[in-house]
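So the structure is just underneath, and the comments pick up after that.
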Amino acid sequence: LNGQYLHNQGFRGKGIQIAVLDAGFWHVNEIEAFDTLRTTKRILGIRDFVDPKSDFYQQNSHGMSVLSCMGGNQPGKLIGTAPDASYYLFRSEDVGSEYLIEEDNWVAAAELADSLGVNVINSSLGYYSFDDSKMNHPFSDMNGKKTRVTKGANMAFQKGILVICSAG
């Protein structure tokens with residue numbers, strides 16, 4: 001990706017707030033690659049929209065992996081694309097099941113991100129097929145306008161938030 005070129009130009013995420021919406025952030029509170037984020041207090045907040053009583057840092061590892069691509073900083077081993085950015089970590093995805101409520105969780109997380117003034121929402125989540133097939137989105141609804149989560153993403157974008165989603 002030639003990220004070092006951007007870093008050499010001074011683009012390292014300084015002053016940018018990124019909300020990461022994902023399935024979990026396993027051990028982000030302990031992994032060495034996130035030491036800089038923790039010691040400089042650039043993990044600005046966490047919220048679990050799936051189970052608010054859960055042990056936040058014991059959930060799925062996918063969000064941790066995504067965060068490492070952006071905010072990881074272990075010189076000589078790993079430097080993310082935005083190592084100087086600040087982050088909010090929001091768990092909106094329940095990996096144990098797939099129901100429409102996860103789209104509602106995503107929208108609620110995006111609303112919170114908006115209220116906190118984030119610049120970017122990063123979400124490696126996609127919704128079309130559910131455990132109850134009556135909830136599935138038909139292909140005709142996958143047009144960027146009809147589903148709950150795309151309406152939420154479009155609203156965030158209209159408010160000036162850059163929304164980055166996975167291709168999955």
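Ligands are numbered from 1 in the order shown, chains are lettered A, B, ... in the order of the structure tokens, and residues start at 1 in each chain.
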Contact residues around region 108-118 of chain A with only C-alpha atoms at 12 Å, ignoring same-chain residues under 4 positions, as a PyMOL selection string: chain A and resi 15-22+44-50+85-93+101-104+122-123+148-164
Give me the residues near Gly24 (chain A) as JSON, numbers by chain, where near means some atom within 6 Å (using only C-alpha atoms) and where sequence neighbours in that chain fewer than 5 positions away do not count. {"A": [59, 60, 61, 63, 91]}
Counting only C-alpha atoms, what are the residues of region 138-165 of chain A within 12 Å of region 129-134 of chain A, and for each of them which pair of atoms is the nearest and at what distance in Å, to one decimal? Sort the table by chain and rising number, as CSV.
residue,atom,partner,partner_atom,distance
A:Pro138,CA,A:Ser129,CA,8.9
A:Phe139,CA,A:Ser129,CA,10.5
A:Met142,CA,A:Ser129,CA,11.4
For the residues selected in the previous step, produce a file with N, CA, C and O atoms as an mmCIF file, in the first residue's frame.
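Final file, out-v8.cif:
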data_model
loop_
_atom_site.group_PDB
_atom_site.id
_atom_site.type_symbol
_atom_site.label_atom_id
_atom_site.label_comp_id
_atom_site.auth_asym_id
_atom_site.auth_seq_id
_atom_site.Cartn_x
_atom_site.Cartn_y
_atom_site.Cartn_z
ATOM 1 N N PRO A 138 -32.879 -8.986 0.030
ATOM 2 C CA PRO A 138 -32.787 -9.424 -1.368
ATOM 3 C C PRO A 138 -31.752 -8.575 -2.106
ATOM 4 O O PRO A 138 -31.443 -7.447 -1.698
ATOM 5 N N PHE A 139 -31.239 -9.113 -3.171
ATOM 6 C CA PHE A 139 -30.227 -8.407 -3.958
ATOM 7 C C PHE A 139 -30.701 -7.016 -4.356
ATOM 8 O O PHE A 139 -29.931 -6.068 -4.361
ATOM 9 N N MET A 142 -29.786 -4.288 -2.028
ATOM 10 C CA MET A 142 -28.356 -4.040 -1.819
ATOM 11 C C MET A 142 -27.883 -2.947 -2.789
ATOM 12 O O MET A 142 -26.971 -3.129 -3.583
#
Which is closest to Leu37 (chain A) among A:Gly144, A:Pro52, A:Gly71, A:Gly3, if we use only C-alpha atoms?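 For Leu37 (chain A), the nearest of the given residues is A:Gly71.
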Identify all residues of region 7-158 of chain A in strand (DSSP E or B) (DSSP on the backbone) and supply them as a VMD selection string. chain A and resid 17 to 22 43 to 48 73 to 74 78 to 79 86 to 91 120 to 123
CA of Ser54 (chain A) and CA of Thr39 (chain A), how far apart in Å? 23.8 Å
From a DSSP calculation on the backbone, collect every residue of region 27-137 of chain A in alpha helix (DSSP H) and output the set as a PyMOL selection string. chain A and resi 35-39+62-71+101-116
Keeping only C-alpha atoms, take the residues you just selected and write them out as a short mmCIF file (atom, residue, chain, number, x, y, z; two decimals), in the first residue's frame.
data_model
loop_
_atom_site.label_atom_id
_atom_site.label_comp_id
_atom_site.auth_asym_id
_atom_site.auth_seq_id
_atom_site.Cartn_x
_atom_site.Cartn_y
_atom_site.Cartn_z
CA ASP A 35 0.95 0.29 24.12
CA THR A 36 1.33 3.70 22.48
CA LEU A 37 -2.43 4.12 22.11
CA ARG A 38 -2.90 3.25 25.77
CA THR A 39 -0.05 5.29 27.25
CA HIS A 62 -11.56 -9.33 14.57
CA GLY A 63 -11.74 -5.71 15.74
CA MET A 64 -8.32 -6.07 17.34
CA SER A 65 -6.91 -7.16 13.99
CA VAL A 66 -8.61 -4.27 12.20
CA LEU A 67 -7.36 -1.79 14.81
CA SER A 68 -3.81 -3.13 14.42
CA CYS A 69 -3.90 -2.21 10.71
CA MET A 70 -4.62 1.41 11.65
CA GLY A 71 -3.35 2.09 15.15
CA ILE A 101 -30.60 -6.11 15.57
CA GLU A 102 -26.92 -5.98 14.60
CA GLU A 103 -27.78 -3.36 12.00
CA ASP A 104 -29.56 -1.43 14.77
CA ASN A 105 -26.44 -1.82 16.93
CA TRP A 106 -24.34 -0.47 14.06
CA VAL A 107 -26.61 2.55 13.62
CA ALA A 108 -26.59 3.23 17.38
CA ALA A 109 -22.78 3.04 17.37
CA ALA A 110 -22.64 5.41 14.39
CA GLU A 111 -24.96 7.84 16.19
CA LEU A 112 -22.69 7.77 19.23
CA ALA A 113 -19.67 8.29 17.00
CA ASP A 114 -21.38 11.31 15.47
CA SER A 115 -22.18 12.76 18.89
CA LEU A 116 -18.51 12.37 19.87
#
Given only C-alpha atoms as the counted atoms, nearest of A:Leu125, A:Cys165, A:Met135, A:Ala33 to Gly76 (chain A):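 Nearest to Gly76 (chain A): A:Ala33.
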Point-to-point distance from CA of Phe11 (chain A) to CA of Ile43 (chain A), Å rounded to tenths: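 If I compute the distance from CA of Phe11 (chain A) to CA of Ile43 (chain A), I get 19.1 Å.
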